[in-house]
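Report on the structure given below.
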Amino acid sequence: MKLVRNLLWLVACVMLLVSAPAAFAQEKTGSKAGFTLKPGTVRIVLMRPTIRVGSQSAGGVITPNAEWSANAREYIAKALKAQQDKLGNVVVDYDEGVTKDGAVVTQYSNLFGALADSVIEYQFFPGNRLPTKKRKGSFEWSLGNGLANLDSLKGADYALFINTYDGYGSAGRKMLQLFAAMGGISVISGVHWGHAGLIDLKTGELVWLNADRQMGGDLRTEDGAVKRVEQLLKGFPGQAAPAAPAAAPAAPAAASTATEASK
Amino acid sequence: MSFCRRFSAVLPGIAALALAGAAHAVEPAAPVLPTYTAAYQPQTKDERGIWMEADEDERVLRDSVLLMRDEGLNAYVRQVLCREVGEDRCRSVRLYIVEVPQFNASMAPNGTMRVWTGLLLRVQNEAELASVLGHEFAHFELRHSLAGIKARRDAASLAAWIGVLSAGAANIGTGGAGNGSTLQLAVLGNYFKFSREQETAADLLGLQYMAKSPYDPAAASQIWQSIMAEADARSVARGLKPGREYKAAFFGTHPPSPERAAYLKAEADKLGKRGELRAQEYREAIRPFLPRLLAAQIRSNDFGGSEYLLQTLSATEGWTGDLLFARGELFRQRGNPRDLVTAADLFRDAIAKGYANPEAHRELGLSLMRGGQEADGKAALREYLKLKPDANDGNVIKMLVGS
Amino acid sequence: MMKNAFAAVCAVSLLSAGAASANSLVAPGAHSGVAKSSIATTSTGEWNKLSRTDGPGVEVWTRDGDSLNKVSFFGGIGGGLPIYRERNKKEAPLPKVTANMLLPDIPVLLESTYRSQYQVNKFSLESQDIVTIEGKQAIRFTYSFVRSDDEVERKGEAIGSIVKGKLFMVTYEAPAIYFFDKDLQDFRKMAETLKF
């Protein structure tokens, strides 16, 4: 009797494990239905990127590391500069200038982080997708049209927001991961989030988002940062297509989201 | 960087004392401050990176909704810092007061100093505030966040950060439900883990500032004692063992703080100087903000720690209306039957002492009604409505009064 | 022994996999038994009910994710209990509901809970009023707050009451920029049809 019950547990458990990976298969890109951007037609403002790098303890707590963040900021800035010319449209860095927009823009930036995170959690994860986000091939997310009123963004058509949050697994975390894996539990060592999103400044709509919680590229190294930036901007709308081979899979990725979302 | 987790152990401390040559044993000495080099610029690539990071954090901090922007308060705290470290040094600092109710201050290598409101509530006088700010400035002057960058590949552990204030844990983040939360620290401050030697060096340089300042060096030790006492009060009220928040045994690698308080006292005594505390001046300057600071503390669900703080605050200038009111709130919120009786007494006391805030009548009324004393309760609530006819909760209170 | 180990592993797997699969649609119309309680309401427009729960007596509805818009139903939290599951009973205990709470105590309980649970260091209670729900009086209040983890300014509107010594409450919270106003009217309609 006992044996049977144990077996039942085992079977139940295996079933769960088999079904689990499906729930974790995740999309990384989305764009508003029908959104396109022609090269050389618009002006895009790159908002100040939020970059945080730290280490993750066994308990999962991430402690920021100023040195890593500093390096990452420098590497990313460099990589972004290198990419900026390849984005197909004029991309300029945000400048508050003499406006007093700083505090409001900071709020928008914080809000963008919450929005992008919500897209990952409630649209990109198929298993956790909100029922209302499953329909009509829809990708409907917005920050509202308040950005249009900001003087510091006058003359621009789109705002590009970029966030990265990285926590590198400590030895303790990796140990926990290993241990948990033996028990069949998935513990992720390290957190590597990235958001890159394009907001239409007239409507506030999120027209394109590239976001993932397991990004590649070790931001503690310069090469890693280049890889991360490429990944963040992969499929960036309006990109002149043929330049780099990396740009090739961009369009299918966006399209696949649309099909995924429409079923 | 963060002050609340600095506890240098006594042994390396004393060793470093000898090395630093700051204290000339028993004889009172006029310590010589090293010449201050203003406007230090980052030299190496690593330093430039840390600087850039600090600049970016400051940009976000400047726009944060958590800043206390009151000019008078900012000017006052700055003035205390300047008295402590001298005008020359003070000029390198841009000071920001951040609304977080825990005990902490920190300074980034680019000259950004963050002072949490919980620190302002906890220090008893200018001298204590000065000692904390001076200690932070010493880390800055000694460029500790830059020294040994290479050696410190890993950031501070959570245990190191928690330090004496587990209540502060709420602001560390839980790494839970999966948002990037724990990394949102531009405002709260970044993390630098200092070695014991660095802590000791900062303590010693801090005492040298104190020696030259008008302030009493004994304050440096005093603040640690009250922080430990508060931690004990909190633990006891929560049915936990006192000392667990700050003793080495609990946090393993973490140096204990009782020793630190002790050696700070010993070193201060050697200076043979009695300076000013300026407790009265401090109370006057903080008074307009006290209700706000107290309210945040009272609503942090920390009965023991809050009660300890109120007792300590009352030691300076007696039970003022603000303090009585806050204490009444503390008891009313816990809400046991006997607490409601105590709360009502405290609100009555506050009113008797001329506390003009109409809320005292509101809280008195609510305490009485919740304790079953309907008639008296309603009378107090009616008084509140009379004193504050346009109260934003007028309808709610009228309903309770039954009119 | 073995069995327990398996049970534990399975339970955890269930939590991680199960939680990721069951957000459900809340169609427009009448709903009862919300938060496994006597709460009933009629919604306009579609909402999503999160499978994740923040406590045994809590149910969360959202349109775009709970950090962008969040309606929380607290279905009769009894005396001596916190409104959320405590993440650290020892070090960060939450305030508890008490059976003799008065209506003005409800916003204070919410604030105090948020300060402990959500790193909220700034909370301001903006207005309070009385509404009637099925002949029973309830407090309706508005507030704003900032969580230190994302520093997004949020606004909230809530209705709460003590019924037979238990706390019933519905809150609506969203970022002050754009989101709060976007779904406020739909929340208010829900609030108008609320039954505790």
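For the structure tokens, the naming scheme is as follows: chains receive sequential letters (A, B, ...) according to their order of presentation, residues are indexed from 1 within each chain, and ligands are indexed from 1 in presentation order.
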At a cut-off of 10 Å, which residues of chain A touch chain B? Count only C-alpha atoms and give the answer as a VMD selection string. chain A and resid 48 to 57 59 to 74 100 to 107 110 113 to 114 117 to 118 121 163 to 168 170 191 to 193 213
Hey, can you spit out that residue selection with C-alpha atoms as a PDB file, in the first residue's frame?
```pdb
ATOM      1  CA  ARG A  48      18.970  57.285 -19.833  1.00  0.00           C
ATOM      2  CA  PRO A  49      19.400  53.529 -19.462  1.00  0.00           C
ATOM      3  CA  THR A  50      18.864  52.003 -16.020  1.00  0.00           C
ATOM      4  CA  ILE A  51      21.691  49.594 -15.395  1.00  0.00           C
ATOM      5  CA  ARG A  52      22.052  47.559 -12.233  1.00  0.00           C
ATOM      6  CA  VAL A  53      24.450  44.759 -11.636  1.00  0.00           C
ATOM      7  CA  GLY A  54      24.836  42.829  -8.442  1.00  0.00           C
ATOM      8  CA  SER A  55      25.329  39.420  -6.980  1.00  0.00           C
ATOM      9  CA  GLN A  56      22.642  37.025  -5.888  1.00  0.00           C
ATOM     10  CA  SER A  57      22.886  35.297  -2.545  1.00  0.00           C
ATOM     11  CA  GLY A  59      18.409  33.212  -0.656  1.00  0.00           C
ATOM     12  CA  GLY A  60      17.909  34.905  -3.994  1.00  0.00           C
ATOM     13  CA  VAL A  61      18.529  38.371  -2.668  1.00  0.00           C
ATOM     14  CA  ILE A  62      20.404  40.581  -5.069  1.00  0.00           C
ATOM     15  CA  THR A  63      22.975  42.947  -3.676  1.00  0.00           C
ATOM     16  CA  PRO A  64      24.034  45.680  -6.044  1.00  0.00           C
ATOM     17  CA  ASN A  65      27.683  45.978  -6.827  1.00  0.00           C
ATOM     18  CA  ALA A  66      28.713  49.505  -7.708  1.00  0.00           C
ATOM     19  CA  GLU A  67      31.839  48.436  -9.496  1.00  0.00           C
ATOM     20  CA  TRP A  68      30.086  45.959 -11.769  1.00  0.00           C
ATOM     21  CA  SER A  69      27.323  48.451 -12.447  1.00  0.00           C
ATOM     22  CA  ALA A  70      29.878  51.086 -13.264  1.00  0.00           C
ATOM     23  CA  ASN A  71      31.691  48.831 -15.688  1.00  0.00           C
ATOM     24  CA  ALA A  72      28.436  47.709 -17.248  1.00  0.00           C
ATOM     25  CA  ARG A  73      27.322  51.293 -17.688  1.00  0.00           C
ATOM     26  CA  GLU A  74      30.496  52.191 -19.486  1.00  0.00           C
ATOM     27  CA  LYS A 100      12.260  70.936 -15.302  1.00  0.00           C
ATOM     28  CA  ASP A 101      11.140  67.577 -16.660  1.00  0.00           C
ATOM     29  CA  GLY A 102      13.598  65.492 -14.644  1.00  0.00           C
ATOM     30  CA  ALA A 103      11.234  64.272 -11.954  1.00  0.00           C
ATOM     31  CA  VAL A 104       8.418  63.472 -14.375  1.00  0.00           C
ATOM     32  CA  VAL A 105      10.739  61.701 -16.761  1.00  0.00           C
ATOM     33  CA  THR A 106      12.082  59.675 -13.849  1.00  0.00           C
ATOM     34  CA  GLN A 107       8.520  58.649 -13.028  1.00  0.00           C
ATOM     35  CA  ASN A 110      10.119  53.864 -13.419  1.00  0.00           C
ATOM     36  CA  GLY A 113      10.156  49.347 -15.948  1.00  0.00           C
ATOM     37  CA  ALA A 114       6.916  48.202 -14.321  1.00  0.00           C
ATOM     38  CA  ASP A 117       8.054  43.687 -16.473  1.00  0.00           C
ATOM     39  CA  SER A 118       4.327  43.215 -16.696  1.00  0.00           C
ATOM     40  CA  GLU A 121       5.181  38.242 -16.729  1.00  0.00           C
ATOM     41  CA  ASN A 163      16.833  48.708 -18.522  1.00  0.00           C
ATOM     42  CA  THR A 164      19.100  45.937 -17.436  1.00  0.00           C
ATOM     43  CA  TYR A 165      19.036  44.187 -14.091  1.00  0.00           C
ATOM     44  CA  ASP A 166      21.629  41.555 -13.430  1.00  0.00           C
ATOM     45  CA  GLY A 167      22.374  39.481 -10.390  1.00  0.00           C
ATOM     46  CA  TYR A 168      25.196  37.028 -10.780  1.00  0.00           C
ATOM     47  CA  SER A 170      27.073  33.524  -5.850  1.00  0.00           C
ATOM     48  CA  VAL A 191      18.994  37.076 -12.731  1.00  0.00           C
ATOM     49  CA  HIS A 192      19.599  38.677 -16.100  1.00  0.00           C
ATOM     50  CA  TRP A 193      16.748  40.902 -17.083  1.00  0.00           C
ATOM     51  CA  ARG A 213      14.554  37.606 -17.770  1.00  0.00           C
TER      52      ARG A 213
END
```
Sorted by chain and rising residue number, list the residues of chain C at most 8 Å from chain B (counting only C-alpha atoms), each with its closest atom pair and distance in Å to one decimal, as CSV.
```
residue,atom,partner,partner_atom,distance
C:Lys90,CA,B:Arg238,CA,7.2
C:Glu91,CA,B:Ser166,CA,6.4
C:Ala92,CA,B:Ala167,CA,6.9
C:Pro93,CA,B:Asn301,CA,7.4
C:Leu94,CA,B:Asn301,CA,6.8
C:Pro95,CA,B:Asn301,CA,6.3
C:Thr98,CA,B:Gly335,CA,7.7
C:Asn100,CA,B:Arg370,CA,6.3
C:Met101,CA,B:Arg370,CA,6.8
C:Leu102,CA,B:Arg370,CA,6.8
C:Leu103,CA,B:Val396,CA,7.7
C:Pro104,CA,B:Val396,CA,7.3
C:Val108,CA,B:Arg299,CA,7.9
C:Glu111,CA,B:Arg299,CA,7.2
C:Ser112,CA,B:Arg299,CA,4.8
C:Thr113,CA,B:Asn301,CA,7.9
C:Arg115,CA,B:Ser300,CA,5.9
C:Ser116,CA,B:Ser300,CA,6.0
C:Gln117,CA,B:Ala170,CA,6.9
C:Tyr118,CA,B:Ala170,CA,7.3
C:Gln119,CA,B:Ala170,CA,5.3
C:Asn121,CA,B:Val100,CA,5.6
C:Lys122,CA,B:Leu66,CA,7.3
C:Glu126,CA,B:Asn392,CA,7.6
C:Ser127,CA,B:Asn392,CA,5.5
C:Gln128,CA,B:Asp393,CA,4.8
C:Asp129,CA,B:Val396,CA,5.4
C:Ile130,CA,B:Val396,CA,5.4
C:Ile139,CA,B:Val396,CA,7.1
C:Ser148,CA,B:Asn171,CA,7.0
C:Asp149,CA,B:Ser181,CA,4.4
C:Asp150,CA,B:Ser181,CA,5.9
C:Glu151,CA,B:Val65,CA,7.4
C:Glu153,CA,B:Val65,CA,7.9
```
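Taking the backbone of this structure through DSSP, the residues of segment 59-167 of chain A that come out as strand (DSSP E) are Ile62, Thr63, Pro64, Val90, Val91, Val92, Asp93, Tyr158, Ala159, Leu160, Phe161, Ile162, Asn163, Thr164, Tyr165, Asp166 and Gly167 of chain A.
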At a cut-off of 10 Å, using only C-alpha atoms, what residues contact Gly204 of chain A? Leave out same-chain residues fewer than 3 positions from it and give the result as a list of chain:residue names. A:Trp141, A:Ser142, A:Leu143, A:Gly144, A:Asn145, A:Gly146, A:Leu147, A:Ala148, A:Tyr158, A:Ala159, A:Leu198, A:Ile199, A:Asp200, A:Leu201, A:Val207, C:Tyr178
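Nearest to chain C of all the residues A:Ala211, A:Ala156, A:Leu115, A:Val42 is A:Leu115, counting only C-alpha atoms.
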Which one is closest to Leu67 of chain B: C:Met169, C:Val146, C:Asp105, C:Asn23? Count only C-alpha atoms. C:Val146
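Counting only C-alpha atoms, the residue from A:Glu205, A:Gly97, A:Gly155, A:Ala79 that sits nearest to chain C is A:Glu205.
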Using only C-alpha atoms, determine which residues lie at most 7 Å from Ser72 of chain C, disregarding the query and same-chain residues fewer than 2 positions distant; provide the list as a list in words. Val58, Glu59, Val60, Trp61, Lys70, Phe74, Val170, Thr171 and Tyr172 of chain C
Who sits within 9 Å of Gln124 of chain B, only C-alpha atoms, same chain under 2 positions skipped, as a short mmCIF file (atom, residue, chain, number, x, y, z; two decimals) with C-alpha atoms, in the first residue's frame:
```
data_model
loop_
_atom_site.label_atom_id
_atom_site.label_comp_id
_atom_site.auth_asym_id
_atom_site.auth_seq_id
_atom_site.Cartn_x
_atom_site.Cartn_y
_atom_site.Cartn_z
CA LEU B 120 17.15 62.10 12.22
CA LEU B 121 14.56 60.52 14.48
CA ARG B 122 17.14 58.47 16.36
CA GLU B 126 23.67 67.57 17.08
CA ALA B 127 26.76 65.82 18.40
CA GLU B 128 25.36 62.36 17.68
CA LEU B 129 24.23 63.40 14.23
CA ILE B 223 24.63 56.59 19.46
CA LEU B 277 25.86 68.21 22.56
CA ALA B 279 20.45 68.79 22.24
CA TYR B 282 18.58 69.84 17.66
CA ARG B 283 15.10 69.39 19.10
CA THR B 312 14.59 58.20 24.81
CA LEU B 313 13.20 61.24 23.07
CA THR B 316 15.69 65.23 26.44
#
```
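Of the listed residues B:Ala295, B:Leu142, B:Lys378, B:Asn125, the one whose atoms come nearest to Ala315 of chain B is B:Asn125, with distances taken using only C-alpha atoms.
Put simply, atom CA of Phe139 of chain A is 18.7 Å away from atom CA of Gly194 of chain A.
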Going by DSSP on the backbone, which bits of segment 50-239 of chain A are helix (DSSP H, G or I)? Write them as a PyMOL selection string, please. chain A and resi 66-87+102-124+126-128+131-133+145-149+151-153+171-182+222-232
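Atom CA of Pro175 of chain C is found 7.9 Å from atom CA of Ser67 of chain C.
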Spatial neighbours of Met210 of chain B, 7 Å, only C-alpha atoms, chain gap at least 6 places, as a list in words: Glu84, Asp216 and Pro217 of chain B
Contacts of Glu307 of chain B within 12 Å, only C-alpha atoms, excl. fewer than 3 positions in-chain, as number ranges by chain: B: 229-234, 236-237, 294, 297-298, 300-304, 310-314, 323-324, 326-331, 334
Next, write the just-selected residues to a file, as an mmCIF file, in the first residue's frame, keeping C-alpha atoms as the atom set.
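Output contents, as saved in again-v2.cif:
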```cif
data_model
loop_
_atom_site.group_PDB
_atom_site.id
_atom_site.type_symbol
_atom_site.label_atom_id
_atom_site.label_comp_id
_atom_site.auth_asym_id
_atom_site.auth_seq_id
_atom_site.Cartn_x
_atom_site.Cartn_y
_atom_site.Cartn_z
ATOM 1 C CA ALA B 229 19.174 49.249 23.134
ATOM 2 C CA GLU B 230 16.503 49.921 20.543
ATOM 3 C CA ALA B 231 17.282 46.640 18.815
ATOM 4 C CA ASP B 232 16.966 44.841 22.143
ATOM 5 C CA ALA B 233 13.639 46.491 22.875
ATOM 6 C CA ARG B 234 12.340 45.439 19.502
ATOM 7 C CA VAL B 236 12.014 41.549 23.409
ATOM 8 C CA ALA B 237 8.667 42.923 22.282
ATOM 9 C CA LEU B 294 7.152 59.776 14.352
ATOM 10 C CA GLN B 297 7.966 55.028 12.915
ATOM 11 C CA ILE B 298 4.698 54.332 14.728
ATOM 12 C CA SER B 300 6.232 50.460 11.053
ATOM 13 C CA ASN B 301 4.624 47.854 13.300
ATOM 14 C CA ASP B 302 7.556 47.801 15.693
ATOM 15 C CA PHE B 303 6.078 48.300 19.140
ATOM 16 C CA GLY B 304 9.206 47.641 21.178
ATOM 17 C CA LEU B 310 9.781 57.576 22.495
ATOM 18 C CA GLN B 311 11.187 56.999 25.966
ATOM 19 C CA THR B 312 14.587 58.198 24.811
ATOM 20 C CA LEU B 313 13.201 61.239 23.068
ATOM 21 C CA SER B 314 11.255 62.193 26.173
ATOM 22 C CA LEU B 323 5.563 62.514 21.881
ATOM 23 C CA LEU B 324 2.446 61.825 23.930
ATOM 24 C CA ALA B 326 2.714 59.420 19.023
ATOM 25 C CA ARG B 327 2.786 57.126 22.028
ATOM 26 C CA GLY B 328 -0.985 57.163 22.207
ATOM 27 C CA GLU B 329 -1.061 56.139 18.553
ATOM 28 C CA LEU B 330 1.377 53.353 19.247
ATOM 29 C CA PHE B 331 -0.849 51.869 21.947
ATOM 30 C CA ARG B 334 -1.711 47.584 19.094
#
```
When distances are computed from only C-alpha atoms, which of C:Leu194, C:Ile39, C:Leu25, C:Ile83 shows the smallest separation from chain A? C:Leu25
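Across the structure, atom CA of Glu96 of chain A and atom CA of Asp55 of chain B are spaced 15.4 Å apart.
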